[in-house]
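Coordinates from structure-v5.cif are shown below (mmCIF, C-alpha atoms).
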```cif
data_work
loop_
_atom_site.group_PDB
_atom_site.id
_atom_site.type_symbol
_atom_site.label_atom_id
_atom_site.label_comp_id
_atom_site.auth_asym_id
_atom_site.auth_seq_id
_atom_site.Cartn_x
_atom_site.Cartn_y
_atom_site.Cartn_z
ATOM 1 C CA MET A 1 0.000 0.000 0.000
ATOM 2 C CA HIS A 2 2.812 2.396 0.817
ATOM 3 C CA ALA A 3 4.140 2.819 -2.745
ATOM 4 C CA ALA A 4 0.652 3.152 -4.223
ATOM 5 C CA ALA A 5 -0.295 5.745 -1.619
ATOM 6 C CA ARG A 6 2.830 7.781 -2.335
ATOM 7 C CA ALA A 7 1.908 7.896 -6.008
ATOM 8 C CA LEU A 8 -1.715 8.779 -5.300
ATOM 9 C CA PHE A 9 -1.038 11.499 -2.744
ATOM 10 C CA SER A 10 1.581 13.132 -4.968
ATOM 11 C CA ARG A 11 -1.051 13.897 -7.620
ATOM 12 C CA PRO A 12 -2.947 17.213 -7.851
ATOM 13 C CA ARG A 13 -5.946 17.262 -5.539
ATOM 14 C CA ASN A 14 -9.456 18.150 -6.800
ATOM 15 C CA GLY A 15 -8.038 18.930 -10.210
ATOM 16 C CA ARG A 16 -5.893 21.778 -8.876
ATOM 17 C CA PRO A 17 -2.172 21.776 -9.573
ATOM 18 C CA GLN A 18 -0.054 21.658 -6.466
ATOM 19 C CA SER A 19 3.343 23.047 -5.658
ATOM 20 C CA GLY A 20 4.159 19.799 -3.855
ATOM 21 C CA ARG A 21 3.184 21.210 -0.456
ATOM 22 C CA VAL A 22 -0.298 21.191 1.060
ATOM 23 C CA GLU A 23 -0.571 23.633 3.926
ATOM 24 C CA LEU A 24 -2.717 22.281 6.754
ATOM 25 C CA GLY A 25 -4.176 25.271 8.558
ATOM 26 C CA THR A 26 -1.876 26.408 11.340
ATOM 27 C CA ARG A 27 0.239 23.282 11.282
ATOM 28 C CA GLU A 28 3.663 24.183 12.628
ATOM 29 C CA ASP A 29 5.849 22.373 10.127
ATOM 30 C CA GLY A 30 3.781 23.161 7.020
ATOM 31 C CA ALA A 31 4.443 19.639 5.747
ATOM 32 C CA ASP A 32 2.671 18.438 2.631
ATOM 33 C CA PHE A 33 0.163 15.640 2.726
ATOM 34 C CA LEU A 34 2.673 13.012 1.711
ATOM 35 C CA GLU A 35 4.727 13.917 4.768
ATOM 36 C CA LEU A 36 1.565 13.717 6.878
ATOM 37 C CA TYR A 37 0.922 10.260 5.450
ATOM 38 C CA GLU A 38 4.400 9.038 6.262
ATOM 39 C CA GLN A 39 4.312 10.547 9.757
ATOM 40 C CA TYR A 40 0.889 9.229 10.734
ATOM 41 C CA LEU A 41 0.799 5.866 8.941
ATOM 42 C CA PRO A 42 2.131 3.923 11.983
ATOM 43 C CA LEU A 43 -0.317 5.701 14.308
ATOM 44 C CA VAL A 44 -3.337 5.212 12.056
ATOM 45 C CA TRP A 45 -2.403 1.540 11.667
ATOM 46 C CA ARG A 46 -2.199 1.179 15.455
ATOM 47 C CA TRP A 47 -5.444 3.054 16.044
ATOM 48 C CA ALA A 48 -7.304 0.932 13.480
ATOM 49 C CA ALA A 49 -6.044 -2.275 15.134
ATOM 50 C CA ARG A 50 -6.937 -1.028 18.599
ATOM 51 C CA LEU A 51 -10.417 -0.074 17.432
ATOM 52 C CA GLY A 52 -11.071 -3.568 16.137
ATOM 53 C CA VAL A 53 -10.070 -3.836 12.486
ATOM 54 C CA PRO A 54 -8.718 -7.376 11.950
ATOM 55 C CA ARG A 55 -5.279 -7.859 10.424
ATOM 56 C CA HIS A 56 -6.576 -9.036 7.053
ATOM 57 C CA SER A 57 -8.554 -5.787 6.651
ATOM 58 C CA LEU A 58 -6.024 -3.288 8.008
ATOM 59 C CA ASP A 59 -4.602 -2.314 4.620
ATOM 60 C CA ASP A 60 -8.067 -1.491 3.278
ATOM 61 C CA ALA A 61 -9.149 0.395 6.395
ATOM 62 C CA VAL A 62 -5.965 2.451 6.649
ATOM 63 C CA GLN A 63 -6.100 3.314 2.957
ATOM 64 C CA GLU A 64 -9.683 4.484 3.404
ATOM 65 C CA VAL A 65 -8.619 6.681 6.323
ATOM 66 C CA PHE A 66 -5.958 8.440 4.280
ATOM 67 C CA LEU A 67 -8.208 8.838 1.260
ATOM 68 C CA THR A 68 -10.712 10.516 3.563
ATOM 69 C CA LEU A 69 -8.033 12.745 5.070
ATOM 70 C CA TYR A 70 -6.819 13.608 1.587
ATOM 71 C CA GLY A 71 -10.280 14.709 0.537
ATOM 72 C CA ARG A 72 -10.854 16.706 3.714
ATOM 73 C CA LEU A 73 -7.682 18.750 3.979
ATOM 74 C CA ASP A 74 -9.694 21.939 3.647
ATOM 75 C CA ASP A 75 -11.695 20.975 6.750
ATOM 76 C CA PHE A 76 -8.680 21.253 9.021
ATOM 77 C CA GLU A 77 -8.711 24.749 10.503
ATOM 78 C CA GLY A 78 -6.222 24.330 13.322
ATOM 79 C CA ARG A 79 -8.862 24.429 16.067
ATOM 80 C CA SER A 80 -7.471 21.189 17.444
ATOM 81 C CA SER A 81 -4.069 19.558 17.106
ATOM 82 C CA LEU A 82 -3.373 17.797 13.839
ATOM 83 C CA LYS A 83 -3.054 14.506 15.729
ATOM 84 C CA SER A 84 -6.531 14.962 17.262
ATOM 85 C CA TRP A 85 -7.999 15.712 13.842
ATOM 86 C CA VAL A 86 -6.364 12.661 12.274
ATOM 87 C CA PHE A 87 -7.570 10.482 15.157
ATOM 88 C CA ALA A 88 -11.138 11.797 14.828
ATOM 89 C CA VAL A 89 -11.193 11.016 11.108
ATOM 90 C CA THR A 90 -9.639 7.599 11.747
ATOM 91 C CA PHE A 91 -12.215 6.778 14.401
ATOM 92 C CA ARG A 92 -15.181 7.654 12.179
ATOM 93 C CA VAL A 93 -13.819 5.850 9.139
ATOM 94 C CA VAL A 94 -12.966 2.734 11.158
ATOM 95 C CA ARG A 95 -16.383 2.686 12.823
ATOM 96 C CA ASN A 96 -18.123 2.855 9.432
ATOM 97 C CA PHE A 97 -15.691 0.325 7.976
ATOM 98 C CA ARG A 98 -16.420 -2.189 10.719
ATOM 99 C CA ARG A 99 -20.168 -1.677 10.429
ATOM 100 C CA ARG A 100 -20.040 -2.320 6.681
ATOM 101 C CA ARG A 101 -17.856 -5.398 6.919
ATOM 102 C CA GLY A 102 -18.884 -6.719 10.303
ATOM 103 C CA SER A 103 -16.650 -7.217 13.319
ATOM 104 C CA ALA A 104 -14.166 -10.058 13.148
ATOM 105 C CA PRO A 105 -14.577 -12.742 15.816
ATOM 106 C CA ALA A 106 -12.194 -12.364 18.730
ATOM 107 C CA GLY A 107 -8.964 -14.211 18.158
ATOM 108 C CA ASP A 108 -9.420 -14.620 14.399
ATOM 109 C CA ASP A 109 -5.879 -13.428 13.784
ATOM 110 C CA GLU A 110 -2.902 -12.042 15.647
ATOM 111 C CA THR A 111 -3.254 -8.302 15.111
ATOM 112 C CA GLU A 112 -0.959 -6.471 17.496
ATOM 113 C CA VAL A 113 -1.948 -3.279 19.273
ATOM 114 C CA ASP A 114 1.535 -1.832 18.784
ATOM 115 C CA ALA A 115 4.719 -2.637 16.986
ATOM 116 C CA ILE A 116 6.909 -3.729 19.858
ATOM 117 C CA ALA A 117 10.140 -4.883 18.290
ATOM 118 C CA ALA A 118 12.705 -2.259 19.204
ATOM 119 C CA GLU A 119 16.400 -2.155 18.593
ATOM 120 C CA GLY A 120 18.360 -2.762 21.756
ATOM 121 C CA VAL A 121 15.504 -4.377 23.685
ATOM 122 C CA HIS A 122 16.526 -7.574 25.466
ATOM 123 C CA PRO A 123 14.855 -10.563 23.732
ATOM 124 C CA GLU A 124 13.299 -11.813 26.985
ATOM 125 C CA ALA A 125 11.869 -8.370 27.764
ATOM 126 C CA ALA A 126 10.587 -8.049 24.184
ATOM 127 C CA ALA A 127 8.905 -11.459 24.443
ATOM 128 C CA THR A 128 7.218 -10.480 27.712
ATOM 129 C CA GLN A 129 6.021 -7.217 26.208
ATOM 130 C CA SER A 130 4.774 -9.034 23.128
ATOM 131 C CA GLU A 131 2.745 -11.420 25.269
ATOM 132 C CA ALA A 132 1.224 -8.509 27.176
ATOM 133 C CA VAL A 133 0.313 -6.697 23.948
ATOM 134 C CA THR A 134 -1.262 -9.835 22.495
ATOM 135 C CA LEU A 135 -3.235 -10.402 25.686
ATOM 136 C CA LEU A 136 -4.476 -6.807 25.726
ATOM 137 C CA GLN A 137 -5.574 -7.079 22.097
ATOM 138 C CA SER A 138 -7.467 -10.269 22.924
ATOM 139 C CA ILE A 139 -9.178 -8.543 25.844
ATOM 140 C CA LEU A 140 -10.108 -5.563 23.675
ATOM 141 C CA ASP A 141 -11.626 -7.978 21.148
ATOM 142 C CA GLY A 142 -13.871 -9.269 23.927
ATOM 143 C CA LEU A 143 -15.372 -5.854 24.746
ATOM 144 C CA ASP A 144 -18.474 -4.565 23.052
ATOM 145 C CA ASP A 145 -17.927 -1.634 20.690
ATOM 146 C CA ASP A 146 -19.094 1.078 23.109
ATOM 147 C CA LYS A 147 -16.741 -0.008 25.879
ATOM 148 C CA ARG A 148 -13.871 -0.734 23.528
ATOM 149 C CA GLU A 149 -14.023 2.716 21.964
ATOM 150 C CA VAL A 150 -13.984 4.651 25.225
ATOM 151 C CA PHE A 151 -11.278 2.416 26.708
ATOM 152 C CA VAL A 152 -9.003 2.879 23.690
ATOM 153 C CA MET A 153 -9.579 6.627 23.614
ATOM 154 C CA ALA A 154 -9.149 7.207 27.347
ATOM 155 C CA GLU A 155 -6.637 4.603 28.480
ATOM 156 C CA LEU A 156 -4.535 4.080 25.358
ATOM 157 C CA GLU A 157 -4.757 7.444 23.594
ATOM 158 C CA GLY A 158 -5.232 9.775 26.565
ATOM 159 C CA LEU A 159 -8.313 11.654 25.356
ATOM 160 C CA THR A 160 -10.416 13.502 27.922
ATOM 161 C CA ALA A 161 -14.035 12.627 28.661
ATOM 162 C CA THR A 162 -15.087 15.834 26.900
ATOM 163 C CA GLU A 163 -13.105 14.941 23.771
ATOM 164 C CA ILE A 164 -14.484 11.397 23.768
ATOM 165 C CA GLY A 165 -18.027 12.619 24.271
ATOM 166 C CA HIS A 166 -17.647 14.995 21.324
ATOM 167 C CA LEU A 167 -16.378 12.206 19.085
ATOM 168 C CA LEU A 168 -19.091 9.752 20.131
ATOM 169 C CA GLY A 169 -21.921 12.266 20.401
ATOM 170 C CA VAL A 170 -22.670 11.332 24.010
ATOM 171 C CA SER A 171 -22.441 13.093 27.368
ATOM 172 C CA SER A 172 -19.382 13.049 29.598
ATOM 173 C CA ASN A 173 -21.416 11.080 32.149
ATOM 174 C CA THR A 174 -22.093 8.391 29.566
ATOM 175 C CA VAL A 175 -18.399 8.292 28.716
ATOM 176 C CA ALA A 176 -17.506 7.939 32.406
ATOM 177 C CA SER A 177 -20.014 5.104 32.862
ATOM 178 C CA ARG A 178 -18.791 3.181 29.820
ATOM 179 C CA LEU A 179 -15.184 3.686 30.825
ATOM 180 C CA ARG A 180 -15.808 2.441 34.358
ATOM 181 C CA HIS A 181 -17.441 -0.739 33.078
ATOM 182 C CA ALA A 182 -14.725 -1.196 30.447
ATOM 183 C CA ARG A 183 -11.982 -0.884 33.066
ATOM 184 C CA GLU A 184 -13.727 -3.441 35.260
ATOM 185 C CA GLU A 185 -14.035 -5.907 32.381
ATOM 186 C CA VAL A 186 -10.440 -5.401 31.254
ATOM 187 C CA ARG A 187 -9.117 -5.803 34.805
ATOM 188 C CA ALA A 188 -11.166 -8.953 35.395
ATOM 189 C CA ALA A 189 -10.134 -10.474 32.061
ATOM 190 C CA TRP A 190 -6.482 -9.633 32.710
ATOM 191 C CA GLU A 191 -6.585 -11.267 36.166
ATOM 192 C CA ARG A 192 -8.290 -14.389 34.759
ATOM 193 C CA ALA A 193 -5.639 -14.704 32.062
ATOM 194 C CA LYS A 194 -2.796 -14.295 34.549
ATOM 195 C CA ALA A 195 -4.391 -16.844 36.872
ATOM 196 C CA ARG A 196 -4.605 -19.347 33.994
ATOM 197 C CA ASP A 197 -0.944 -18.730 33.164
ATOM 198 C CA ALA A 198 0.068 -19.242 36.792
ATOM 199 C CA TRP A 199 -1.922 -22.496 36.940
ATOM 200 C CA ARG A 200 -0.216 -23.800 33.765
ATOM 201 C CA LEU A 201 3.213 -23.106 35.250
ATOM 202 C CA ARG A 202 2.597 -25.222 38.344
#
```
Show me, as structure tokens, the structure contained in the file I just sent.
Amino acid sequence: MHAAARALFSRPRNGRPQSGRVELGTREDGADFLELYEQYLPLVWRWAARLGVPRHSLDDAVQEVFLTLYGRLDDFEGRSSLKSWVFAVTFRVVRNFRRRRGSAPAGDDETEVDAIAAEGVHPEAAATQSEAVTLLQSILDGLDDDKREVFVMAELEGLTATEIGHLLGVSSNTVASRLRHAREEVRAAWERAKARDAWRLR
């Protein structure tokens, strides 16, 4: 997808010739869209996985996100950070994508929440981290969509209740309630998984 996207996003947009740079509102670095694509591709990939897109559909979902961003550059007015805007677009595209295609059953593949291989990380530590990431992804797959969304936004992406409520179109109280239940379910599932692991090691 990467090479095809580079070719696509280098073309003139909406029939207008471009100088090679697309200014995004008050964005500090004034980078063109291709630079935005390269900067945010890993994040959008991670967000899509966290929000429930299965591995076999990630390419399609991420491409759809960037096509949407590409067509909505004029909508970005700098009222929020660029990262918040990209996340909001990603969230809405992924939600529609999953509704069209249906949610994948939990555990249907091995989509990782994050890329965890890092240069210089001790292999044993990397393996432990990988297991934790895989377990968290499995737990997220077990949540219903409402709880999963607020948990990802609050606990993994650090959005405030107000920001989440705006994205979801619900009140802050509703966000708080969903998040409380999501935390309880995640904690309980995590403890059950660790208890099973401890039992196997006896």
Which is closest to Ser84 in chain A among A:Leu167, A:Ser57, A:Asp146, A:Val133, if we use only C-alpha atoms?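 Checking each candidate against Ser84 in chain A, we get A:Leu167 as the closest.
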For Thr90 in chain A, work out the shell of residues within 12 Å, counting all atoms listed in the file and skipping chain neighbours fewer than 6 positions away, then give it as a list in words. Tyr40, Leu41, Leu43, Val44, Trp45, Arg46, Trp47, Ala48, Ala49, Arg50, Leu51, Val53, Ala61, Val62, Gln63, Glu64, Val65, Phe66, Leu67, Thr68, Leu69, Lys83, Ser84, Asn96, Phe97, Arg98, Met153 and Leu167 of chain A
At what distance in Å, to one decimal, does CA of Val175 in chain A lie from CA of Thr162 in chain A? 8.4 Å
Quick one: distance from CA of Asn173 in chain A to CA of Asp141 in chain A in Å, one decimal?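 Computing the Euclidean distance for CA of Asn173 in chain A and CA of Asp141 in chain A yields 24.1 Å.
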State, in Å with one decimal place, the distance from CA of Leu140 in chain A to CA of Trp85 in chain A.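 CA of Leu140 in chain A sits 23.5 Å away from CA of Trp85 in chain A.
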To box range 155-170 of chain A, take all atoms listed in the file, fit an axis-aligned box, add 4 Å on each side, and give centre and edge lengths in Å to one decimal, as AutoDock Vina command-line options.
```
--center_x -13.6 --center_y 10.0 --center_z 23.9 --size_x 26.1 --size_y 19.8 --size_z 17.6
```
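Compared by their closest atoms to His166 in chain A, and using all atoms listed in the file, the residues A:Arg92, A:Phe151, A:Gly71, A:Arg187 rank with A:Arg92 nearest.
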Give me the residues within 10 Å of Ala182 in chain A as a list in words, counting all atoms listed in the file and dropping any in the same chain fewer than 5 places off.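 The residues satisfying every condition are Leu140, Leu143, Asp144, Asp146, Lys147, Arg148, Glu149, Val150, Phe151, Val152, Ala176, Ser177, Arg187 and Ala188 of chain A.
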Neighbourhood query: residues within 12 Å of (-11.5, 21.8, 10.6), file coordinates, counting all atoms listed in the file; return as a list of chain:residue names.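 Collected hits near the coordinates: A:Leu24, A:Gly25, A:Thr26, A:Arg27, A:Leu69, A:Arg72, A:Leu73, A:Asp74, A:Asp75, A:Phe76, A:Glu77, A:Gly78, A:Arg79, A:Ser80, A:Ser81, A:Leu82, A:Ser84, A:Trp85, A:Val86, A:Ala88, A:Val89.
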Residue nearest Thr174 in chain A - candidates A:Asp197, A:Glu191, A:Ala161, A:Val186, atoms counted: only C-alpha atoms: A:Ala161
